[in-house]
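Below is one structure, written out as structure tokens, with a few remarks after it.
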Amino acid sequence: MAEESQDKFWDFVEANQNIEGEHDDQAYYDLIVKKASALLSSVQVNMLKFALSLRAYSATVNSFQQIASNESPPSGCSAFVSIQGVKTCDDVIFEALPKPYLFKGDHKYPGSNPDGPVVILYAEFGKPDFQRLHQVVSSKVREGLVTYVLRHYVANPSGKKVYLSGYGVELAIKNQEYKAKDDTQVQGTGLNATVIGENDPVDEVQGFLFGKLKTLYPDIKEQLKELRKHLVESTNEMAPLKVWQMQDLSFQTAARILAAPAVEALSVMRDLSQNFPTKARSITKTVVSSEIRKEIGENQKVCVRTLGLQPGDSALFINGLHIDLDTQDIFSLRFRLTAFKSKSLICSWAQAAISSSIPSLNTLFFSFLKWINNLETDHRYSSWPYNVQELLRPTFPGVIRQIRKNFHNLVRPRLINHAAELLGVAEMFYANNIPLRLVIGLVFVVSDEDDIDGMQDAGVALVRAYNYISDEVDSQSAFEAVISMFNQVPIGGQLSVGDVVKVLEKRFPYVEVSSVLGADSTYDSNRKVSLTGVGPLPVVMYNGIPYPREQLDPDELETVTMQKILETTTLYQRAVYLGELATDQDVVDFIMNQPNVVPRINPRVLSTSRTYLDLSDSNDGYVRPVTFWVVGDFDKPSGRQLLYDAIRHMKTSNNVRLGMISNPSDALSAETSRVARAVWAAMQTQSANNAKNFITKMAKEETATALQKGVDIGEFAVGGMDVSLFKSAYDSPKFDFLLSHAAYCRDVLKLKKGQRAVISNGRIIGPLEEEEVFNQDDFLLLESIILKTSGERIKILQVNAGFSLRASDLVMKVDALLSSQPKGDARVEYDFADDRYSAVKIRPKEGDVYFDVVAVVDPVTRDAQKLSPLLLVLKQLVNVNLRVFMNCQSKLSDMPLKSIYRYVLEPEVTFRSDSSFSPGPMAKFLDMPQSPLFTLNLNTPESWMVESVHTRYDLDNIYLEEVENIVAAEYELEHLLLEGHCFDVSSGQPPRGLQFTLGTASEPVIVDTIVMANLGYFQLKANPGAWMLKLRKGRSDEIYKIYSHDGTDSPADSDDIIVVLNNFKSRIIKVKVQKKPDKFSEELLSDATEENDTGFWKSLTRGLTGGGKMEEPKLEKDDVINIFSVASGHLYERFLRIMMLSVLKNTKTPVKFWFLKNYLSPTFKEFIPHMAKQYGFQYELVQYKWPRWLHQQTEKQRIIWGYKILFLDVLFPLAVDKILFVDADQIVRTDLKELRDFDLEGAPYGYTPFCESRREMDGYRFWKSGYWASHLAGRRYHISALYVVDLKKFRKIAAGDRLRGQYQGLSQDPNSLSNLDQDLPNNMIHQVPIKSLPQEWLWCETWCDDSTKRSAKTIDLCNNPMTKEPKLQAAVRIVAEWTDYDQEIKRLQTRVQEGAKHRANLLHEETLLSPEGLTTTDRRLK
């Protein structure tokens, strides 16, 4: 409700103050939906049901719950009020106290007194205590005493967790070239039987309805089960296809979909795409008609030309807006759908008629400027090329092309008080000459009084001095002189006449200064330039477009200008490519002739912050697309002038019609309403043309003066008027129409008495200030904006659609309705060759509002797997005109989809047969093939951090032939991600190593993070609620202070950065920091600085690393060996435990293990605390979300490889100086202290080179030839199974940022970085040097001969490409002690399991013996 409007929210709250009663789940749900439907349209109700199904507002509810818990609720209260820190649920005392911070998402009661005390009610809506306190507080609001804010709060929230939707689950078919399955038997089914029952029906298999057969023939249930299994297995045959069979799979799948009835086509597409590996063989038998092939080919030509879509690409458009399937999750899409819906008037012809964004607005502002430089004529630019074709020459991204054309024009009107800072930026642009090719214009805005000369006023002196030097020398010299004048001014001071005189005398010693600056000076040109409409100074304009005032900060101005240059270059490139801009054309003329140029600037008109009237319920032969309503007191000069200018403009345009609304200043009488009554009477009784001419007379001042002197109104009649009819209306004693006008101004337009305004197609411009000018030029500007953005197109479309009755009214209403909708991306005008054979078409219900949905998709891509269920749900939610165009690829050489996929999404909440809530949406994979080895992956929204919490199975190696029942897994949304970018305002660079903390007022440090140099990126794990972001105490806080922040929930100038996470959408903030004045020379990552912040380590346990740390006294970091490792799947976790044991058996120094939490199984996370206790080591589970801007990997193994190398600088706290990476499948035979203390000789990390002693493997040593041989240039190729990293050096030389940058470039090519974790550091060996470790540090049988095994310090179980020997088998054969280690771990696991069973039995007995035991037990388990 609050998303729709605060009024609807409070109407709903008022109507449902107490709805507590005996309801089952479904009845309560139906009751709430019914009450909501009284305030919502049918489309809005469907969207509400969808939001409830998505649990879209669960985060909002939880955020209020967290905010309430930070208030320390009074005990025994199910609802309470907080009056600026004082909390109570009994007698409410309203007193003025310091005001608390209110959040953007707070619900503020209408009519609250902003000056009164703030009363925050925390309560569960619809409960008796809420009703009681709500009535008390709301009554005080109506008395004008308080500000009332309502926040949802449940005193005793249920601990039960809910199932979410809006994510995808993939079962990817795993490569079995190397066997990586654990042979340990899974004990018990865990939660499996409770999640999916055995009898979940799939009704039909190859024509047999097994649901009905089991009901009809219960006595042969087992035989039916066997038959069904046989049919499923034969259907889901997974035999490999020949290459020639794969070539046409995309077209064949499309043909299958298009052959289905339209109502079933989406379901068929979902089934085929999501189960493609099992359907591929049967699809190969499909015949594709020539009509389908031809039409798809023709459509693809159009898509490439107009949408930039290549064959195989996908796209989704809703009402012409492009929905990016890669970046838009379902929560963002739902928000956009909510914004799409209008009140009642989105028609197919209207929605395309309005651009969703105002075009850039230039102004004809170049004629009187004095330019400092001219790129086309100045000698300093003569070496630059002149041909505009240079714009099309390839360059590196971000490089500004040097071309001798005035493409970029920067105008800076100078007010002397504001000049110094902005002039410094101008000097920087000019002095740096080469990259910016920027034309800089100066407009001096100084005193224009004739009796003030340059010997008295510094501003006049500056103008005259500038003009003199320009005339005598040139503009460049004049500009340099102005810079020198301002350089004379002390910091904080102002320019004086003496500063100007000093520079003049120095540069022109023989000139009489008084002749230049004095009263008789002839150098006074351009002193009196009018800048009407640009608003308060200073103003900066780029190609005539004024900068927003927040961008005029000198630090911001440089960045924004550079960005505008790059953006505008793209437009010029397009113009050159299309032949619209040639070398011999004047670029400024080209700019001024663009359709988005307007002749005038008026911030009132051009502002993007707009208010619209709701004209959807309000009701000439010629269609006029622009309707102006002029509001004012027409018996006052200002009102008459506004009316006069409006009429004068209307007479010059055929597009405009005009209405007048009187807003009297004084009490109504015959004397105070002469002009208003005359205007009204003329409009009521005369023809349009006569009324227009008469009202023009009435708006003149001489007419009003004459009327006041008693001249008869009839004297002003124009030819053709019916004077008697007019006078009878004019002399009427009733003022009803004026009273209704005044009420409309007060209640609808929210204007005070006598205030003026202009309403254009429902958009309110005003109230205008008393002295504010809004003249004929401004009406022309307003008309131009409307015609270019919407009005003319709506007019054309509605005329074509055949609407003629009150057509101008219809244009006005449609424009007002659509223009008032939230602005987003520009709408795309798409067109296709035909949709007869190659598109699925679903027509909307007649006579109802609908969404125009167009999808372009290749049915054998991941996008099709996601898009088909999305479209099915969308079709159920809203009325759609849906077209799905097939965009197939031909001549495939590989299986296009190698995974089975489910997208979890439901249009509304579901219930069980007993009317209780169903467990919730989940991904079900039924009738799966038995032979492949699967790995399970989740595809979640970017801001989600999830982990597996319940399963006994190895989700990395699912082999269904060995599964007796079913495989079930439960994941948990552990955290929402808060992301951000941080920059130092002084240098413009990210402050590498800067640390942020996130917490609350009572617990300031809950999580923390480190800023990386790539884009200044940082991420923090959080949960719904209000959080405070601060610089970490220590060096970060000592050196830096927060300068500004954007995208947060606190004011930009606030010292406390508050961020509220209240939905599942991504949250990205921007923070600027600045070094403290006495710390400019210090660096965060200097060699001399140690980060000994114990708080960092302590907080990592519960924050960045996710918990699970042994409570042991902190050891000095030099006494701890830090070891990092990654593992996924039960086999590698088994190896990992054995590796850890081998380290502990051989290393005398205390050890701390760091594990990547993202892919660890619940089994490992449950066991690791017991192992840590048994063997006395520390551990942390570190976690990091792959940044959205870094090229994503889709295969799990490659993702894990990426984590091994890409985030070393941000995974660990600054206190960790060195980290050792040890592969999970290694056995350590020495004390690793030796490796930690190994001298890397200045390199950031050390790796062991690949062995070269086993000669029979020479044919597999790829690094000995080709690319690697030439790139390494004699250096060794290193293996990534074991390495040591000097994190201080690694961070200092920005090694992590360099590695990520190189990865970003190389990973775009699917054929590069085959072994990501290994290839990347070897590829970067020239930029990030590698210290080669002695060969004995890593022995691997595949590459090293047997003679070197005796001296090996570690043994790695490398894959052998020759024998393909399974890892387990190799481990037992190669490493003598491996079996002993394995058995030792298994004995510990057995003891742990037996202990858990024993505790469970005791718990069960305790529960049976004590009637209160269940309560006690429940609390203990939690």
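Residues are referred to by chain and number: the chain letter is A, B, ... according to the order shown in the structure tokens, the number counts from 1 in that chain, and ligands are numbered separately from 1 in the order shown.
For A:Asp586, the set of protein, DNA and RNA residues having any atom at most 12 Å away, when counting only C-alpha atoms and skipping those fewer than 6 positions along the same chain, is Glu376, Val388, Arg404, Lys405, Asn406, Phe407, Glu580, Met592 and Asn593 of chain A.
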Give me, as a ChimeraX atom specification, all polymer residues having an atom no more than 10 Å from A:Asn1158, counting only C-alpha atoms and skipping those fewer than 3 positions away in the same chain. /A:945-948,1126-1128,1155,1161,1181-1185,1200,1203
If we count only C-alpha atoms, what is near A:Lys1145 at a cut-off of 9 Å, once residues fewer than 5 positions away on the same chain are taken out, given as number ranges by chain? A: 1140, 1228-1231
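Non-sequential neighbours of A:Ser732 (distance at most 12 Å, separation of 2 or more positions within a chain, only C-alpha atoms) are Ser669, Ala670, Arg674, Arg677, Ala678, Trp680, Ala681, Leu725, Phe726, Lys727, Ser728, Ala729, Tyr730, Lys734, Phe735, Asp736 and Phe737 of chain A.
Here the DSSP assignment of strand (DSSP E), based on backbone atoms, applies within stretch 1223-1304 of chain A to Gln1226, Ile1227, Val1228, Tyr1245, Gly1246, Tyr1247, Thr1248, Pro1249, His1278, Ile1279, Ser1280, Ala1281, Leu1282, Tyr1283, Val1284, Val1285 and Asp1286 of chain A.
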Save the residues we just selected, N, CA, C and O atoms, as a PDB file, in the first residue's frame?
ATOM      1  N   GLN A1226      46.580 -32.088  -0.958  1.00  0.00           N
ATOM      2  CA  GLN A1226      48.009 -32.200  -0.681  1.00  0.00           C
ATOM      3  C   GLN A1226      48.256 -32.885   0.646  1.00  0.00           C
ATOM      4  O   GLN A1226      47.421 -32.847   1.559  1.00  0.00           O
ATOM      5  N   ILE A1227      49.432 -33.482   0.767  1.00  0.00           N
ATOM      6  CA  ILE A1227      49.918 -34.031   2.029  1.00  0.00           C
ATOM      7  C   ILE A1227      51.197 -33.284   2.365  1.00  0.00           C
ATOM      8  O   ILE A1227      52.119 -33.183   1.539  1.00  0.00           O
ATOM      9  N   VAL A1228      51.261 -32.741   3.572  1.00  0.00           N
ATOM     10  CA  VAL A1228      52.413 -31.969   4.006  1.00  0.00           C
ATOM     11  C   VAL A1228      53.312 -32.865   4.852  1.00  0.00           C
ATOM     12  O   VAL A1228      52.840 -33.572   5.747  1.00  0.00           O
ATOM     13  N   TYR A1245      54.566 -12.899  -4.189  1.00  0.00           N
ATOM     14  CA  TYR A1245      54.226 -14.285  -3.869  1.00  0.00           C
ATOM     15  C   TYR A1245      55.248 -15.238  -4.466  1.00  0.00           C
ATOM     16  O   TYR A1245      56.028 -14.889  -5.360  1.00  0.00           O
ATOM     17  N   GLY A1246      55.269 -16.454  -3.895  1.00  0.00           N
ATOM     18  CA  GLY A1246      56.170 -17.488  -4.376  1.00  0.00           C
ATOM     19  C   GLY A1246      55.399 -18.738  -4.723  1.00  0.00           C
ATOM     20  O   GLY A1246      54.530 -19.183  -3.961  1.00  0.00           O
ATOM     21  N   TYR A1247      55.695 -19.314  -5.910  1.00  0.00           N
ATOM     22  CA  TYR A1247      55.072 -20.547  -6.386  1.00  0.00           C
ATOM     23  C   TYR A1247      56.166 -21.567  -6.693  1.00  0.00           C
ATOM     24  O   TYR A1247      57.314 -21.200  -6.991  1.00  0.00           O
ATOM     25  N   THR A1248      55.773 -22.817  -6.700  1.00  0.00           N
ATOM     26  CA  THR A1248      56.694 -23.869  -7.120  1.00  0.00           C
ATOM     27  C   THR A1248      56.554 -24.100  -8.617  1.00  0.00           C
ATOM     28  O   THR A1248      55.431 -24.237  -9.110  1.00  0.00           O
ATOM     29  N   PRO A1249      57.674 -24.156  -9.359  1.00  0.00           N
ATOM     30  CA  PRO A1249      57.563 -24.451 -10.793  1.00  0.00           C
ATOM     31  C   PRO A1249      57.117 -25.903 -11.012  1.00  0.00           C
ATOM     32  O   PRO A1249      57.312 -26.762 -10.146  1.00  0.00           O
ATOM     33  N   HIS A1278      54.578 -22.051 -13.366  1.00  0.00           N
ATOM     34  CA  HIS A1278      54.404 -22.434 -11.964  1.00  0.00           C
ATOM     35  C   HIS A1278      53.049 -23.086 -11.724  1.00  0.00           C
ATOM     36  O   HIS A1278      52.053 -22.739 -12.347  1.00  0.00           O
ATOM     37  N   ILE A1279      53.025 -23.993 -10.752  1.00  0.00           N
ATOM     38  CA  ILE A1279      51.805 -24.705 -10.380  1.00  0.00           C
ATOM     39  C   ILE A1279      51.134 -23.984  -9.214  1.00  0.00           C
ATOM     40  O   ILE A1279      51.816 -23.404  -8.350  1.00  0.00           O
ATOM     41  N   SER A1280      49.798 -23.991  -9.187  1.00  0.00           N
ATOM     42  CA  SER A1280      49.064 -23.199  -8.191  1.00  0.00           C
ATOM     43  C   SER A1280      48.609 -24.023  -6.990  1.00  0.00           C
ATOM     44  O   SER A1280      47.782 -23.561  -6.216  1.00  0.00           O
ATOM     45  N   ALA A1281      49.140 -25.223  -6.821  1.00  0.00           N
ATOM     46  CA  ALA A1281      48.691 -26.076  -5.713  1.00  0.00           C
ATOM     47  C   ALA A1281      49.252 -25.622  -4.370  1.00  0.00           C
ATOM     48  O   ALA A1281      48.695 -25.947  -3.320  1.00  0.00           O
ATOM     49  N   LEU A1282      50.374 -24.894  -4.400  1.00  0.00           N
ATOM     50  CA  LEU A1282      50.996 -24.425  -3.161  1.00  0.00           C
ATOM     51  C   LEU A1282      51.666 -23.096  -3.462  1.00  0.00           C
ATOM     52  O   LEU A1282      52.441 -22.978  -4.400  1.00  0.00           O
ATOM     53  N   TYR A1283      51.339 -22.077  -2.664  1.00  0.00           N
ATOM     54  CA  TYR A1283      52.040 -20.806  -2.834  1.00  0.00           C
ATOM     55  C   TYR A1283      51.998 -20.022  -1.534  1.00  0.00           C
ATOM     56  O   TYR A1283      51.152 -20.263  -0.657  1.00  0.00           O
ATOM     57  N   VAL A1284      52.931 -19.109  -1.397  1.00  0.00           N
ATOM     58  CA  VAL A1284      53.005 -18.242  -0.226  1.00  0.00           C
ATOM     59  C   VAL A1284      52.859 -16.805  -0.713  1.00  0.00           C
ATOM     60  O   VAL A1284      53.446 -16.416  -1.718  1.00  0.00           O
ATOM     61  N   VAL A1285      52.042 -16.006  -0.005  1.00  0.00           N
ATOM     62  CA  VAL A1285      51.760 -14.634  -0.417  1.00  0.00           C
ATOM     63  C   VAL A1285      52.183 -13.673   0.687  1.00  0.00           C
ATOM     64  O   VAL A1285      51.760 -13.812   1.843  1.00  0.00           O
ATOM     65  N   ASP A1286      53.047 -12.718   0.331  1.00  0.00           N
ATOM     66  CA  ASP A1286      53.370 -11.606   1.226  1.00  0.00           C
ATOM     67  C   ASP A1286      52.282 -10.561   1.019  1.00  0.00           C
ATOM     68  O   ASP A1286      52.328  -9.759   0.075  1.00  0.00           O
TER      69      ASP A1286
END
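In terms of minimum interatomic distance to A:Arg401, A:Ile565 ranks closest within A:Ile1205, A:Ile565, A:Val985, A:Val828, counting only C-alpha atoms.
For the pair atom CA of A:Leu581 and atom CA of A:Tyr830, the interatomic distance is 25.8 Å.
In this structure, atom CA of A:Glu1038 sits 11.0 Å away from atom CA of A:Pro1077.
Residues lying within 8 Å of stretch 831-833 of chain A, counting only C-alpha atoms and ignoring same-chain neighbours fewer than 4 positions away, are Glu295, Glu298, Asn299, Val302 and Cys303 of chain A.
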Filtering to N, CA, C and O atoms, could you give me those residues as a PDB file, in the first residue's frame?
ATOM      1  N   GLU A 295      11.567 -16.741 -42.100  1.00  0.00           N
ATOM      2  CA  GLU A 295      11.073 -15.617 -41.289  1.00  0.00           C
ATOM      3  C   GLU A 295      12.023 -15.304 -40.141  1.00  0.00           C
ATOM      4  O   GLU A 295      12.258 -14.130 -39.829  1.00  0.00           O
ATOM      5  N   GLU A 298      14.826 -13.281 -41.636  1.00  0.00           N
ATOM      6  CA  GLU A 298      14.444 -11.895 -41.913  1.00  0.00           C
ATOM      7  C   GLU A 298      14.349 -11.079 -40.634  1.00  0.00           C
ATOM      8  O   GLU A 298      14.792  -9.927 -40.577  1.00  0.00           O
ATOM      9  N   ASN A 299      13.769 -11.667 -39.582  1.00  0.00           N
ATOM     10  CA  ASN A 299      13.665 -10.966 -38.295  1.00  0.00           C
ATOM     11  C   ASN A 299      15.045 -10.703 -37.694  1.00  0.00           C
ATOM     12  O   ASN A 299      15.269  -9.671 -37.057  1.00  0.00           O
ATOM     13  N   VAL A 302      16.580  -7.592 -39.034  1.00  0.00           N
ATOM     14  CA  VAL A 302      15.998  -6.401 -38.402  1.00  0.00           C
ATOM     15  C   VAL A 302      16.564  -6.220 -36.993  1.00  0.00           C
ATOM     16  O   VAL A 302      16.893  -5.101 -36.580  1.00  0.00           O
ATOM     17  N   CYS A 303      16.679  -7.325 -36.239  1.00  0.00           N
ATOM     18  CA  CYS A 303      17.177  -7.255 -34.855  1.00  0.00           C
ATOM     19  C   CYS A 303      18.614  -6.758 -34.808  1.00  0.00           C
ATOM     20  O   CYS A 303      18.978  -5.965 -33.933  1.00  0.00           O
TER      21      CYS A 303
END
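In this structure, atom CA of A:Phe1207 sits 14.5 Å away from atom CA of A:Gln1318.
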Do a neighbour search on A:Phe1164 at 12 Å with only C-alpha atoms, toss out local chain neighbours closer than 6 positions, and write the hits as a list in words. Ser948, Val949, His950, Thr951, Arg952, Tyr953, Asp954, Gly1108, Ala1127, Ser1128, Gly1129, His1130, Leu1131, Tyr1132, Glu1133, Arg1134, Phe1135, Leu1136, Arg1137, Phe1155, Leu1156, Lys1157, His1170, Met1171, Ala1172, Leu1181 and Gln1389 of chain A
Only N, CA, C and O atoms, please: the residues just picked out, written as a compact mmCIF listing (two decimals), in the first residue's frame.
# COMPACT_ATOMS: atom_id res chain seq x y z
N SER A 948 24.47 -23.52 1.95
CA SER A 948 23.79 -24.79 2.16
C SER A 948 23.78 -25.09 3.65
O SER A 948 24.82 -25.05 4.30
N VAL A 949 22.60 -25.39 4.19
CA VAL A 949 22.49 -25.60 5.64
C VAL A 949 22.02 -27.00 6.02
O VAL A 949 22.29 -27.46 7.12
N HIS A 950 21.30 -27.70 5.14
CA HIS A 950 20.81 -29.03 5.49
C HIS A 950 20.90 -29.95 4.28
O HIS A 950 20.17 -29.78 3.31
N THR A 951 21.79 -30.87 4.33
CA THR A 951 21.81 -31.98 3.38
C THR A 951 22.93 -32.93 3.79
O THR A 951 23.96 -32.49 4.28
N ARG A 952 22.69 -34.22 3.60
CA ARG A 952 23.72 -35.21 3.87
C ARG A 952 24.42 -35.64 2.60
O ARG A 952 25.40 -36.37 2.64
N TYR A 953 23.93 -35.17 1.48
CA TYR A 953 24.48 -35.61 0.20
C TYR A 953 25.55 -34.66 -0.29
O TYR A 953 25.59 -33.47 0.07
N ASP A 954 26.39 -35.20 -1.16
CA ASP A 954 27.43 -34.41 -1.79
C ASP A 954 26.81 -33.70 -2.99
O ASP A 954 26.61 -34.30 -4.05
N GLY A 1108 32.14 -19.28 13.61
CA GLY A 1108 32.74 -20.58 13.77
C GLY A 1108 34.15 -20.54 14.33
O GLY A 1108 34.93 -21.47 14.16
N ALA A 1127 37.62 -25.86 -0.97
CA ALA A 1127 37.16 -27.21 -1.30
C ALA A 1127 35.68 -27.16 -1.63
O ALA A 1127 34.94 -26.33 -1.10
N SER A 1128 35.25 -28.07 -2.49
CA SER A 1128 33.84 -28.21 -2.82
C SER A 1128 33.57 -29.67 -3.09
O SER A 1128 34.29 -30.30 -3.88
N GLY A 1129 32.54 -30.21 -2.46
CA GLY A 1129 32.23 -31.62 -2.64
C GLY A 1129 32.84 -32.45 -1.52
O GLY A 1129 33.87 -32.12 -0.95
N HIS A 1130 32.18 -33.57 -1.20
CA HIS A 1130 32.60 -34.39 -0.06
C HIS A 1130 34.00 -34.98 -0.24
O HIS A 1130 34.75 -35.11 0.73
N LEU A 1131 34.36 -35.35 -1.48
CA LEU A 1131 35.69 -35.93 -1.68
C LEU A 1131 36.78 -34.94 -1.35
O LEU A 1131 37.72 -35.25 -0.60
N TYR A 1132 36.67 -33.71 -1.87
CA TYR A 1132 37.71 -32.73 -1.61
C TYR A 1132 37.68 -32.24 -0.15
O TYR A 1132 38.70 -31.83 0.38
N GLU A 1133 36.52 -32.27 0.48
CA GLU A 1133 36.48 -31.95 1.91
C GLU A 1133 37.16 -33.04 2.72
O GLU A 1133 37.81 -32.77 3.74
N ARG A 1134 37.04 -34.28 2.27
CA ARG A 1134 37.77 -35.39 2.91
C ARG A 1134 39.27 -35.18 2.75
O ARG A 1134 40.04 -35.32 3.70
N PHE A 1135 39.70 -34.83 1.52
CA PHE A 1135 41.11 -34.51 1.30
C PHE A 1135 41.55 -33.35 2.18
O PHE A 1135 42.66 -33.33 2.71
N LEU A 1136 40.69 -32.35 2.29
CA LEU A 1136 41.02 -31.15 3.05
C LEU A 1136 41.28 -31.48 4.52
O LEU A 1136 42.25 -31.00 5.12
N ARG A 1137 40.43 -32.33 5.09
CA ARG A 1137 40.64 -32.71 6.50
C ARG A 1137 41.97 -33.45 6.66
O ARG A 1137 42.69 -33.25 7.66
N PHE A 1155 39.19 -20.91 5.51
CA PHE A 1155 38.47 -21.67 4.48
C PHE A 1155 37.45 -20.77 3.78
O PHE A 1155 36.78 -19.97 4.43
N LEU A 1156 37.35 -20.95 2.47
CA LEU A 1156 36.31 -20.24 1.73
C LEU A 1156 34.97 -20.89 2.04
O LEU A 1156 34.73 -22.06 1.70
N LYS A 1157 34.09 -20.12 2.66
CA LYS A 1157 32.82 -20.66 3.15
C LYS A 1157 31.82 -20.93 2.04
O LYS A 1157 30.94 -21.78 2.17
N HIS A 1170 34.65 -29.54 16.01
CA HIS A 1170 35.11 -30.70 16.79
C HIS A 1170 36.56 -31.02 16.48
O HIS A 1170 37.35 -31.35 17.37
N MET A 1171 36.93 -30.91 15.22
CA MET A 1171 38.32 -31.17 14.83
C MET A 1171 39.24 -30.10 15.42
O MET A 1171 40.36 -30.40 15.87
N ALA A 1172 38.79 -28.83 15.41
CA ALA A 1172 39.60 -27.75 15.97
C ALA A 1172 39.83 -27.97 17.46
O ALA A 1172 40.93 -27.74 17.98
N LEU A 1181 36.05 -18.97 8.64
CA LEU A 1181 35.36 -19.23 7.38
C LEU A 1181 35.17 -17.88 6.69
O LEU A 1181 34.37 -17.07 7.13
N GLN A 1389 35.25 -38.70 13.52
CA GLN A 1389 33.88 -38.48 13.03
C GLN A 1389 32.89 -39.42 13.69
O GLN A 1389 31.78 -39.03 14.05
For the helix (DSSP H, G or I) assignment from backbone DSSP, which residues of stretch 770-950 of chain A qualify? Please present them as a ChimeraX atom specification. /A:776-800,807-819,862-877
